[in-house]
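Student: Hey, dropping entry.txt in here, compact mmCIF, C-alpha atoms:
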# COMPACT_ATOMS: atom_id res chain seq x y z
CA MET A 1 44.28 -9.60 -80.94
CA ALA A 2 42.82 -7.43 -83.67
CA ALA A 3 39.44 -5.93 -84.42
CA THR A 4 37.32 -7.44 -87.15
CA ILE A 5 35.34 -5.06 -89.33
CA LEU A 6 31.86 -6.46 -90.02
CA THR A 7 28.55 -5.37 -91.42
CA LEU A 8 25.67 -5.11 -88.97
CA ASP A 9 24.03 -8.10 -90.70
CA ALA A 10 27.15 -10.20 -90.06
CA LEU A 11 27.47 -8.97 -86.47
CA ALA A 12 23.86 -9.69 -85.45
CA PRO A 13 24.06 -13.51 -85.18
CA ALA A 14 27.46 -13.34 -83.47
CA LEU A 15 26.29 -11.18 -80.56
CA PRO A 16 25.66 -12.80 -77.18
CA PRO A 17 22.07 -12.51 -75.87
CA ALA A 18 22.92 -9.87 -73.27
CA ALA A 19 25.82 -7.53 -73.94
CA VAL A 20 26.33 -3.81 -74.36
CA LEU A 21 27.56 -2.07 -77.49
CA PHE A 22 29.55 1.14 -77.79
CA GLY A 23 28.76 3.87 -80.28
CA LEU A 24 31.53 6.26 -81.28
CA ASP A 25 31.28 9.67 -82.93
CA LEU A 26 34.82 10.41 -84.04
CA GLY A 27 35.53 14.10 -84.51
CA THR A 28 38.73 16.03 -85.06
CA LYS A 29 38.73 17.40 -81.50
CA THR A 30 36.60 14.90 -79.57
CA ILE A 31 35.33 11.33 -79.55
CA GLY A 32 31.75 11.00 -78.38
CA VAL A 33 30.95 7.67 -76.72
CA GLY A 34 27.50 6.14 -76.37
CA LEU A 35 26.55 2.94 -74.57
CA SER A 36 23.63 0.56 -75.04
CA ASP A 37 21.78 -1.28 -72.31
CA LEU A 38 22.29 -5.06 -71.98
CA SER A 39 19.18 -5.82 -74.03
CA ARG A 40 20.45 -3.49 -76.77
CA ARG A 41 17.19 -1.56 -76.98
CA PHE A 42 18.37 1.86 -75.84
CA ALA A 43 21.50 3.92 -76.38
CA SER A 44 22.63 6.54 -73.88
CA PRO A 45 25.38 9.15 -73.99
CA LEU A 46 28.36 7.97 -71.93
CA THR A 47 31.22 10.44 -72.22
CA THR A 48 33.26 12.66 -74.49
CA ILE A 49 36.98 12.06 -74.90
CA ILE A 50 38.99 15.19 -75.68
CA ARG A 51 41.35 14.14 -78.46
CA LYS A 52 45.07 14.59 -77.96
CA LYS A 53 47.31 12.22 -79.87
CA PHE A 54 46.38 8.81 -81.23
CA THR A 55 48.06 6.88 -78.40
CA ALA A 56 46.27 8.89 -75.72
CA ASP A 57 42.96 8.55 -77.58
CA ALA A 58 43.45 4.77 -77.90
CA GLU A 59 44.32 4.46 -74.20
CA ALA A 60 41.21 6.43 -73.19
CA LEU A 61 39.04 4.17 -75.36
CA ALA A 62 40.78 1.05 -74.02
CA ALA A 63 40.02 2.15 -70.45
CA LEU A 64 36.33 2.62 -71.27
CA ILE A 65 36.23 -0.74 -73.06
CA ALA A 66 37.83 -2.46 -70.06
CA GLU A 67 35.30 -0.83 -67.73
CA HIS A 68 32.11 -1.47 -69.75
CA ARG A 69 33.10 -4.57 -71.77
CA PRO A 70 31.13 -3.92 -74.96
CA ALA A 71 30.56 -6.82 -77.36
CA ALA A 72 31.23 -4.55 -80.37
CA LEU A 73 31.89 -0.97 -81.45
CA VAL A 74 29.60 0.94 -83.80
CA ILE A 75 31.56 3.76 -85.40
CA GLY A 76 29.82 6.64 -87.10
CA LEU A 77 31.03 6.95 -90.70
CA PRO A 78 30.60 10.54 -91.93
CA LEU A 79 29.50 9.97 -95.52
CA ASN A 80 28.82 12.80 -97.93
CA MET A 81 25.17 13.52 -98.70
CA ASP A 82 25.50 11.56 -101.97
CA GLY A 83 26.75 8.51 -100.04
CA SER A 84 30.36 8.84 -101.14
CA GLU A 85 33.29 8.86 -98.73
CA GLY A 86 35.14 12.13 -98.34
CA PRO A 87 38.17 13.08 -96.23
CA ARG A 88 36.34 12.74 -92.88
CA ALA A 89 35.18 9.20 -93.69
CA GLN A 90 38.70 8.29 -94.81
CA ALA A 91 40.11 9.72 -91.55
CA THR A 92 37.61 7.63 -89.56
CA ARG A 93 38.62 4.47 -91.43
CA ALA A 94 42.31 5.30 -90.86
CA PHE A 95 41.70 5.79 -87.12
CA ILE A 96 40.01 2.38 -86.90
CA ARG A 97 42.79 0.76 -88.97
CA ASN A 98 45.31 2.10 -86.45
CA LEU A 99 43.13 1.13 -83.49
CA ALA A 100 42.28 -2.37 -84.76
CA PRO A 101 45.50 -4.10 -83.61
CA ARG A 102 44.76 -2.90 -80.06
CA LEU A 103 41.18 -4.22 -80.02
CA ASP A 104 39.70 -7.66 -79.76
CA LEU A 105 36.21 -6.52 -80.70
CA PRO A 106 34.11 -6.50 -83.84
CA VAL A 107 33.73 -3.05 -85.40
CA VAL A 108 30.80 -1.89 -87.52
CA PHE A 109 30.72 1.33 -89.51
CA TRP A 110 27.33 3.07 -89.44
CA ASP A 111 26.20 5.97 -91.62
CA GLU A 112 26.18 9.03 -89.40
CA ARG A 113 24.97 11.62 -91.90
CA LEU A 114 23.26 14.49 -90.11
CA SER A 115 23.56 12.90 -86.65
CA THR A 116 25.22 15.99 -85.15
CA VAL A 117 22.67 18.23 -86.87
CA ALA A 118 19.78 16.18 -85.45
CA VAL A 119 21.24 16.21 -81.94
CA THR A 120 22.01 19.93 -82.07
CA ARG A 121 18.46 20.66 -83.24
CA THR A 122 17.05 18.56 -80.38
CA LEU A 123 19.19 20.42 -77.85
CA ILE A 124 18.18 23.80 -79.27
CA GLU A 125 14.50 22.80 -79.11
CA ALA A 126 15.09 21.81 -75.47
CA ASP A 127 16.40 25.36 -74.92
CA THR A 128 19.87 24.10 -73.95
CA SER A 129 22.43 26.89 -73.73
CA ARG A 130 25.21 27.02 -76.32
CA LYS A 131 27.81 26.31 -73.63
CA LYS A 132 25.96 23.25 -72.33
CA ARG A 133 25.28 22.04 -75.90
CA ALA A 134 29.02 22.04 -76.61
CA GLY A 135 29.57 19.55 -73.79
CA LEU A 136 26.68 17.28 -74.81
CA VAL A 137 26.66 17.15 -78.61
CA ASP A 138 29.44 14.61 -79.18
CA LYS A 139 28.31 11.96 -76.70
CA MET A 140 24.68 12.47 -77.71
CA ALA A 141 25.65 12.08 -81.38
CA ALA A 142 27.40 8.82 -80.44
CA ALA A 143 24.20 7.63 -78.73
CA PHE A 144 22.16 8.73 -81.78
CA ILE A 145 24.46 6.74 -84.10
CA LEU A 146 24.29 3.72 -81.81
CA GLN A 147 20.49 3.93 -81.54
CA GLY A 148 20.22 3.73 -85.33
CA ALA A 149 22.33 0.56 -85.31
CA LEU A 150 20.33 -0.91 -82.40
CA ASP A 151 17.08 -0.30 -84.28
CA ARG A 152 18.52 -2.05 -87.33
CA LEU A 153 19.72 -4.98 -85.18
CA ARG A 154 16.18 -5.35 -83.83
CA ARG A 155 14.78 -5.44 -87.39
CA ILE A 156 17.39 -8.06 -88.36
CA ALA A 157 16.30 -10.22 -85.39
CA GLU A 158 12.61 -9.79 -86.26
CA ASP A 159 13.27 -10.74 -89.90
CA ALA A 160 15.18 -13.86 -88.76
CA ARG A 161 12.29 -14.88 -86.46
CA ASP A 162 9.77 -14.32 -89.25
CA ALA A 163 11.85 -16.47 -91.62
CA GLU A 164 12.06 -19.25 -89.01
CA GLU A 165 8.29 -19.12 -88.44
CA ASP A 166 7.66 -19.25 -92.20
CA ALA A 167 9.98 -22.25 -92.55
CA ALA A 168 8.30 -24.04 -89.62
CA SER A 169 4.87 -23.31 -91.07
CA ALA A 170 5.95 -24.67 -94.46
CA ARG A 171 7.25 -27.85 -92.79
CA ASP A 172 3.97 -28.21 -90.89
CA ASP A 173 2.02 -27.77 -94.14
CA GLN A 174 4.14 -30.47 -95.80
CA SER A 175 3.71 -32.85 -92.86
CA PHE A 176 -0.04 -32.25 -92.83
CA GLY A 177 -0.29 -33.01 -96.54
CA GLN A 178 1.56 -36.33 -96.13
CA THR A 179 -0.76 -37.83 -93.52
Write the structure described by the file as C-alpha cells, please.

Tutor:
Amino acid sequence: MAATILTLDALAPALPPAAVLFGLDLGTKTIGVGLSDLSRRFASPLTTIIRKKFTADAEALAALIAEHRPAALVIGLPLNMDGSEGPRAQATRAFIRNLAPRLDLPVVFWDERLSTVAVTRTLIEADTSRKKRAGLVDKMAAAFILQGALDRLRRIAEDARDAEEDAASARDDQSFGQT
C-alpha cells in the first residue's frame, strides 16, 4: 500500500464514474479538507484538522479517508508567484512523501497560488467576522483548490469526448467515400 503521485491528466481516465475526491490545503498549523460530490462537479468545505505531530495528522486524515472513501487526493501546492517551489512547497511534498506509505490512493498536486487570499476576500465581502473567518478559511481554501482541479477534470473529459467524436466523424467520412 502506497500512494501514487499522478498528474491530473493521468488521473482522469483512471477515476471511476462516481466517486468523491478530497482536496487538502496543508498549512503549518492546520489542514483544510474539502470534499467533492459523487459526480465531481462541486467541491465543499469538509473540516479543518488542527495539526499536532505527523502521526496524529496522518491518523486524522486516515479516519476521514475511511469515512468518505475518496478516489484520490488533490493537494494544494503553494508555488511562488513565478511558479518556482519554495520552502512551503517543499514541506508539502515532504508531508506527502511521509504520508504516501500509509495511503492506497492516487495523489495529485494542484497549484494553490492565492487560494487563501481569494477565500479570505470572499469571506470579507460576505461580511464574515474575523473570528468566524479563522475557522472557515482553511477548509474553504481546500474546497477552492479542489474546485479548480474538478473544473480541469471536466475540461479533460470534454476534450476526450471531442477527440472521440472527431475520430468517429473521420471514420464515417472515410466509409462514405468508399461506397

Student: Restricting the calculation to only C-alpha atoms, which member of A:Pro101, A:Ile75, A:Arg41, A:Gly32 is positioned closest to Ala60 in chain A?

Tutor: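 Distance minimum relative to Ala60 in chain A lands on A:Gly32.
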
Student: In Å, how far is it from CA of Val137 in chain A to CA of Leu123 in chain A?

Tutor: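 Those two atoms sit 8.2 Å apart.
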
Student: Which distance in Å separates CA of Thr28 in chain A and CA of Val74 in chain A, to one decimal?

Tutor: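 Taking CA of Thr28 in chain A as the start and CA of Val74 in chain A as the end point, the length is 17.7 Å.
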
Student: One number please: CA of Leu26 in chain A to CA of Asp82 in chain A, in Å, one decimal.

Tutor: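 CA of Asp82 in chain A lies 20.2 Å from CA of Leu26 in chain A.
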
Student: My list of candidates is A:Ala126, A:Ala149, A:Met81, A:Ile156. Which is closest to Trp110 in chain A when distances are computed with only C-alpha atoms?

Tutor: A:Ala149

Student: Tell me which of A:Gln147, A:Thr128, A:Thr7, A:Asn80 sits closest to Phe42 in chain A, counting all atoms listed in the file.

Tutor: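 Looking at the shortest contact to Phe42 in chain A, the residue is A:Gln147.
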